[in-house]
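Heads up, the thing below is written out as structure tokens.
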Amino acid sequence: MTAGTIFHRTRTPLTVWFTACWYFSTAKDGVSALNLKRVLEIGSYQTAWAILHRLRSVLVRPDRERLAGTVEVDETYIGGEEPKLSGGRAKGKKILTAIAVEVKKPRGFGRCRMVPMTDASGASLEVFVTDSVEPGTTVVTDGWMGYHGLAKLGYHHEQHSQRAARAAGDDPNKLLPGPHRVASLAKRWLLGTHQGSVGGAHMIHYLNEFTFRFNRRQSRSRGMLFYRVMELAIKHGPVRYQDLIMTSQPRAVPPRPPRTRGRPASLERAPADRPWRSLASNSG
């Protein structure tokens with residue numbers, strides 16, 4: 001019955017899977033692998049880590065609806081510190097992430113989308129917008145030239161210049177409140193729940209989890225969230241452990257010392273100096 005799902009050929013009991021899914025879907029700030037290992041008394045940290053990453057890999061529906069209405073789009077850098085890399089935007093230290101957020105009127109935000117980007121070029125940003133936002137939507141961005149081609153793709157493009165805001169004495173950080181708010185919440189969530197220890201290869205899975213939680217933040221039924229995660233897990237194909245780890249190369253194992261045959265080391269000692277024995281043998 002588990003064939004063709006993420007439970008395919010699992011050696012972990014389904015009761016543990018379902019309990020882990022309940023903690024994963026109903027915890028307000030999520031759950032870390034170490035916490036899940038302690039709560040469920042799982043013997044291996046790798047098992048708890050693999051369970052959570054398999055659940056994160058199923059959170060995106062291929063046919064999910066794109067954002068509509070008025071959408072603010074911006075990009076930011078998300079990630080943690082790495083040794084020997086100075087500066088907040090050093091290559092390899094943080095990951096460029098594109099963010100799109102629905103803006104409600106008169107106030108409030110709707111759904112969001114977050115995707116890691118290789119660069120902030122026009123080609124990359126246009127692919128992100130077309131995949132995340134419905135055509136005909138009003139897209140609000142800053143003055144970056146990478147967004148200049150959105151009008152040709154069928155979007156109503158509005159640009160808010162940060163330079164003009166500074167010249168007018170306004171705060172440029174308030175031009176796009178939606179992406180700034182979502183980025184701040186995502187960074188705080190990564191630092192709080194996961195202590196900021198998120199690698200670049202797995203950033204997409206953590207962003208998918210944050211998006212799943214943010215888009216369902218107003219849900220009042222924890223059971224419905226659990227049902228949605230289980231529904232996505234059953235419809236998703238198997239996820240191998242080799243596909244989750246960053247590298248498939250096995251860890252280097254230090255060579256063992258050569259085995260010695262014969263008597264144990266304790267019998268290889270030199271005989272102790274016991275003069276009373278020699279005296280006893282001579283007297284006999």
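Every chain in the structure tokens has a letter given in the order shown (A, B, ...), and although residue numbers restart at 1 in each chain, ligands are simply numbered from 1 in the order shown.
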_Can you tell me which residues surround range 74-79 of chain A at a distance of at most 6 Å, considering only C-alpha atoms, apart from same-chain residues fewer than 2 positions away, and format the answer as a list in words?_
Lys94, Ile95, Leu96, Thr97, Ala98 and Ile99 of chain A
Residues of the last selection are to be written out with N, CA and C atoms, as a PDB file, in the first residue's frame.
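This went into part.pdb:
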ATOM      1  N   LYS A  94      25.372  33.740   1.445  1.00  0.00           N
ATOM      2  CA  LYS A  94      23.928  33.873   1.468  1.00  0.00           C
ATOM      3  C   LYS A  94      23.375  33.600   0.078  1.00  0.00           C
ATOM      4  N   ILE A  95      22.100  33.281   0.021  1.00  0.00           N
ATOM      5  CA  ILE A  95      21.462  32.859  -1.220  1.00  0.00           C
ATOM      6  C   ILE A  95      20.481  33.939  -1.655  1.00  0.00           C
ATOM      7  N   LEU A  96      20.598  34.355  -2.896  1.00  0.00           N
ATOM      8  CA  LEU A  96      19.663  35.322  -3.462  1.00  0.00           C
ATOM      9  C   LEU A  96      18.301  34.663  -3.616  1.00  0.00           C
ATOM     10  N   THR A  97      17.278  35.289  -3.059  1.00  0.00           N
ATOM     11  CA  THR A  97      15.933  34.715  -3.037  1.00  0.00           C
ATOM     12  C   THR A  97      14.930  35.735  -3.558  1.00  0.00           C
ATOM     13  N   ALA A  98      14.128  35.315  -4.518  1.00  0.00           N
ATOM     14  CA  ALA A  98      13.056  36.156  -5.051  1.00  0.00           C
ATOM     15  C   ALA A  98      11.780  35.914  -4.248  1.00  0.00           C
ATOM     16  N   ILE A  99      11.051  36.995  -3.955  1.00  0.00           N
ATOM     17  CA  ILE A  99       9.862  36.924  -3.116  1.00  0.00           C
ATOM     18  C   ILE A  99       8.723  37.642  -3.816  1.00  0.00           C
TER      19      ILE A  99
END
Discussion item. What parts of range 50-249 of chain A does DSSP call strand (DSSP E or B)? I'd like the answer as a PyMOL selection string.
Written reply: chain A and resi 67+70-78+95-103+109-116+133+138-141+156-159
Figure out the distance between CA of Pro13 in chain A and CA of Thr211 in chain A, please, to one decimal in Å.
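These atoms are spaced 28.5 Å apart.
Residues surrounding Val71 in chain A within 10 Å are A:Leu67, A:Ala68, A:Ile99, A:Ala100, A:Val101, A:Glu102, A:Val103, A:Lys104, A:Phe109, A:Gly110, A:Arg111, A:Cys112, A:Val129, A:Ser132, A:Val133, A:Glu134, A:Thr137, A:Thr138, A:Val139, A:Val140, A:Thr141, A:His157, A:Leu176, A:Gly178, A:Pro179 [only C-alpha atoms; sequence separation below 3 positions excluded].
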**Asked** Quick one: residues within 12 Å of Arg217 in chain A, only C-alpha atoms counted, chain neighbours fewer than 3 positions away excluded, as a list of chain:residue names?
**Response** A:Ser25, A:Thr26, A:Ala27, A:Lys28, A:Asp29, A:Phe109, A:Gly110, A:Arg111, A:Cys112, A:Phe210, A:Thr211, A:Phe212, A:Arg213, A:Phe214, A:Arg220, A:Ser221, A:Arg222, A:Leu225
Write out the residues from the selection above, keeping N, CA and C atoms, as an mmCIF file, in the first residue's frame.
data_model
loop_
_atom_site.group_PDB
_atom_site.id
_atom_site.type_symbol
_atom_site.label_atom_id
_atom_site.label_comp_id
_atom_site.auth_asym_id
_atom_site.auth_seq_id
_atom_site.Cartn_x
_atom_site.Cartn_y
_atom_site.Cartn_z
ATOM 1 N N SER A 25 3.218 19.390 10.838
ATOM 2 C CA SER A 25 2.173 20.217 10.246
ATOM 3 C C SER A 25 1.464 21.114 11.246
ATOM 4 N N THR A 26 1.462 20.752 12.521
ATOM 5 C CA THR A 26 0.681 21.515 13.489
ATOM 6 C C THR A 26 1.523 22.442 14.351
ATOM 7 N N ALA A 27 2.838 22.227 14.418
ATOM 8 C CA ALA A 27 3.678 23.126 15.207
ATOM 9 C C ALA A 27 3.708 24.504 14.565
ATOM 10 N N LYS A 28 3.513 25.524 15.352
ATOM 11 C CA LYS A 28 3.419 26.879 14.814
ATOM 12 C C LYS A 28 4.705 27.305 14.123
ATOM 13 N N ASP A 29 5.851 27.009 14.727
ATOM 14 C CA ASP A 29 7.143 27.394 14.178
ATOM 15 C C ASP A 29 7.903 26.223 13.586
ATOM 16 N N PHE A 109 -1.785 41.028 3.895
ATOM 17 C CA PHE A 109 -1.112 40.280 2.848
ATOM 18 C C PHE A 109 -1.790 38.940 2.649
ATOM 19 N N GLY A 110 -1.683 38.447 1.424
ATOM 20 C CA GLY A 110 -2.244 37.148 1.094
ATOM 21 C C GLY A 110 -1.175 36.075 1.042
ATOM 22 N N ARG A 111 -1.145 35.356 -0.070
ATOM 23 C CA ARG A 111 -0.176 34.273 -0.226
ATOM 24 C C ARG A 111 1.178 34.818 -0.671
ATOM 25 N N CYS A 112 2.198 33.962 -0.608
ATOM 26 C CA CYS A 112 3.539 34.362 -1.015
ATOM 27 C C CYS A 112 4.191 33.222 -1.779
ATOM 28 N N PHE A 210 8.369 27.150 4.785
ATOM 29 C CA PHE A 210 7.923 28.449 5.281
ATOM 30 C C PHE A 210 6.740 28.970 4.466
ATOM 31 N N THR A 211 6.784 28.811 3.145
ATOM 32 C CA THR A 211 5.673 29.254 2.307
ATOM 33 C C THR A 211 4.402 28.497 2.640
ATOM 34 N N PHE A 212 4.511 27.191 2.865
ATOM 35 C CA PHE A 212 3.355 26.382 3.233
ATOM 36 C C PHE A 212 2.735 26.892 4.533
ATOM 37 N N ARG A 213 3.552 27.209 5.508
ATOM 38 C CA ARG A 213 3.040 27.684 6.790
ATOM 39 C C ARG A 213 2.471 29.095 6.677
ATOM 40 N N PHE A 214 3.168 29.953 5.927
ATOM 41 C CA PHE A 214 2.700 31.334 5.817
ATOM 42 C C PHE A 214 1.355 31.403 5.093
ATOM 43 N N ARG A 220 -7.659 27.551 11.145
ATOM 44 C CA ARG A 220 -8.034 27.281 12.528
ATOM 45 C C ARG A 220 -8.111 25.791 12.831
ATOM 46 N N SER A 221 -7.900 24.952 11.842
ATOM 47 C CA SER A 221 -8.015 23.511 12.028
ATOM 48 C C SER A 221 -6.647 22.871 11.844
ATOM 49 N N ARG A 222 -6.062 22.394 12.946
ATOM 50 C CA ARG A 222 -4.789 21.700 12.834
ATOM 51 C C ARG A 222 -4.950 20.360 12.128
ATOM 52 N N LEU A 225 -4.592 20.785 8.374
ATOM 53 C CA LEU A 225 -3.208 20.900 7.942
ATOM 54 C C LEU A 225 -2.541 19.528 7.882
#
